[in-house]
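Q: Dumping the structure here so I can ask a few things about it.
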Amino acid sequence: MVLGLLGLALPTAVMAQTAPNGCTAPVMAEGVLAPWNSPAALSGTQLTIGQAARLTLLPTPEVRYAVPPERPADDASFGGVFTLTVSAPGTYRVALGSRGWIDVVSAGSTITSTAHGHGPECTGIRKMVDFPLAPGTYTIQIAGSPEPDAAVLVARLP
């Protein structure tokens with residue numbers, strides 16, 4: 001029980017460095033995903049390319065999506081709507097630390113992803129989805145997360 005209480009007292013930054021389920025030790029993300037290793041709490045809704053953020057998600061019934069998510073979520077899940085500004089065209093990877101659905105929306109339509117998969121083993125990245133984006137402002141929608149908190153990173157691929 002004492003160990004359980006000590007776990008409650010650990011700061012978020014230390015907890016982020018613990019190993020994901022099934023891993024004996026955390027693995028540091030590398031390359032364009034390296035910012036994943038030090039997420040900061042997001043104040044507001046503006047995501048920044050190349051900076052990992054810790055999100056607080058809302059219960060699904062409270063979320064006002066720009067368009068209905070491509071994969072509907074049940075009322076017991078969590079989601080959120082965030083903004084992303086892109087200044088250079090390219091492929092952008094959205095990495096998420098929880099199960100959930102990721103949509104990128106522009107002008108009232110979702111953008112079709114070009115690739116998706118799991119993150120590198122033991123980094124805590126649960127899923128990654130790639131989108132071709134031109135300069136502009138986009139809405140990033142997260143739906144169906146079983147947890148009210150999640151880390152996210154948007155990275156431009158080389």
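In the structure tokens, each chain is lettered A, B, ... as it comes, each chain's residues begin at 1, and ligands are numbered from 1 in order of appearance.
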Distance table requested - range 71-154 of chain A against range 35-58 of chain A, cut-off 8 Å, only C-alpha atoms: one row per qualifying residue with the closest atom pair and its distance in Å to one decimal, ordered by chain and rising residue number, as CSV.
A:
residue,atom,partner,partner_atom,distance
A:Phe78,CA,A:Leu58,CA,5.2
A:Gly79,CA,A:Leu57,CA,5.1
A:Gly80,CA,A:Leu57,CA,5.3
A:Val81,CA,A:Thr45,CA,7.2
A:Phe82,CA,A:Thr45,CA,4.7
A:Thr83,CA,A:Gln46,CA,4.8
A:Leu84,CA,A:Leu47,CA,5.3
A:Thr85,CA,A:Thr48,CA,7.5
A:Val86,CA,A:Ile49,CA,7.8
A:Glu147,CA,A:Leu57,CA,7.9
A:Pro148,CA,A:Leu57,CA,4.8
A:Asp149,CA,A:Thr56,CA,4.7
A:Ala150,CA,A:Leu55,CA,5.2
A:Ala151,CA,A:Arg54,CA,4.4
A:Val152,CA,A:Ala53,CA,5.4
A:Leu153,CA,A:Ala52,CA,4.4
A:Val154,CA,A:Ile49,CA,5.1
Q: Store the residues picked out above, limited to C-alpha atoms, as a PDB file, in the first residue's frame.
A:
ATOM      1  CA  PHE A  78     -13.114  11.038 -23.985  1.00  0.00           C
ATOM      2  CA  GLY A  79     -12.142  13.387 -26.787  1.00  0.00           C
ATOM      3  CA  GLY A  80     -11.056  16.848 -27.728  1.00  0.00           C
ATOM      4  CA  VAL A  81     -10.706  19.419 -30.495  1.00  0.00           C
ATOM      5  CA  PHE A  82      -7.408  21.203 -31.068  1.00  0.00           C
ATOM      6  CA  THR A  83      -5.930  23.602 -33.610  1.00  0.00           C
ATOM      7  CA  LEU A  84      -2.765  23.204 -35.660  1.00  0.00           C
ATOM      8  CA  THR A  85      -1.136  25.783 -37.936  1.00  0.00           C
ATOM      9  CA  VAL A  86       1.084  24.466 -40.726  1.00  0.00           C
ATOM     10  CA  GLU A 147      -8.641   7.898 -20.724  1.00  0.00           C
ATOM     11  CA  PRO A 148      -9.229  11.592 -19.897  1.00  0.00           C
ATOM     12  CA  ASP A 149      -5.538  12.452 -20.378  1.00  0.00           C
ATOM     13  CA  ALA A 150      -3.301  11.762 -23.357  1.00  0.00           C
ATOM     14  CA  ALA A 151      -0.019  12.896 -24.795  1.00  0.00           C
ATOM     15  CA  VAL A 152       0.122  14.056 -28.426  1.00  0.00           C
ATOM     16  CA  LEU A 153       2.878  15.090 -30.792  1.00  0.00           C
ATOM     17  CA  VAL A 154       2.618  16.467 -34.322  1.00  0.00           C
TER      18      VAL A 154
END
Q: Residues within 10 Å of Gln141 in chain A, please, as a PyMOL selection string. Count only C-alpha atoms; anything in the same chain fewer than 3 positions from it doesn't count.
A: chain A and resi 63-70+79-83+100-105+110+138
Q: Taking only C-alpha atoms into account, name the residue in A:Ile142, A:Ser109, A:Tyr92, A:Ser98 that is nearest to Gly124 in chain A.
A: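 Among the listed residues, the smallest separation from Gly124 in chain A belongs to A:Ser98.
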Q: As a ChimeraX atom specification, please: every residue in range 8-157 of chain A that DSSP puts in helix (DSSP H, G or I).
A: /A:8-9,12-16,31-37,60-62
Q: Pick from A:Gly90, A:Gly22, A:Gly108, A:Pro59: nearest to Ser145 in chain A, with only C-alpha atoms counted?
A: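 Checking each of A:Gly90, A:Gly22, A:Gly108, A:Pro59 against Ser145 in chain A, counting only C-alpha atoms, the winner is A:Pro59.
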Q: Here is a test: counting only C-alpha atoms, which residue of A:His116, A:Ala107, A:Ala88, A:Ala76 is nearest to Val129 in chain A?
A: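 Closest candidate: A:His116.
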Q: Within 6 Å of Ala29 in chain A, counting only C-alpha atoms, which residues show up once you throw out same-chain ones fewer than 3 positions away? Write them as an MDAnalysis selection string, please.
A: chainID A and resid 33:34 123
Q: Residues as selected, C-alpha atoms, written as a compact mmCIF listing (two decimals), in the first residue's frame, can you do that?
A:
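File again_2.txt, as written:
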# COMPACT_ATOMS: atom_id res chain seq x y z
CA LEU A 33 9.56 11.72 -32.38
CA ALA A 34 12.20 12.75 -29.78
CA THR A 123 7.96 4.65 -25.89
Q: Applying 10 Å and only C-alpha atoms, which residues near His118 in chain A remain after dropping the ones on its own chain fewer than 6 positions away? List them as a count of residues only.
A: 9
Q: From the options A:Ala143, A:Val94, A:Val32, A:Ala25, which residue's atoms come nearest to Glu62 in chain A, counting only C-alpha atoms?
A: A:Ala143
Q: Compare A:Thr112, A:Thr60, A:Ser87, A:Ser77 by their minimum atom-to-atom distance to Arg99 in chain A, counting only C-alpha atoms, and give me the closest one.
A: A:Ser77
Q: If you measure from CA of Asp130 in chain A to CA of Thr24 in chain A, what distance in Å do you get, rounded to one decimal?
A: 28.6 Å
Q: What is the CA of Thr114 in chain A-CA of Phe131 in chain A distance in Å, reported with one decimal?
A: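 A separation of 5.7 Å between them.
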Q: At what distance in Å, to one decimal, does CA of Ile140 in chain A lie from CA of Cys122 in chain A?
A: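 Here the two named atoms are 24.8 Å from each other.
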Q: Run DSSP on the backbone of this structure and report the residues of chain A it assigns to strand (DSSP E or B), as a ChimeraX atom specification.
A: /A:40-41,46-47,53-56,58-59,78-86,90-96,101-106,109-110,115-117,127-133,136-145,149-156
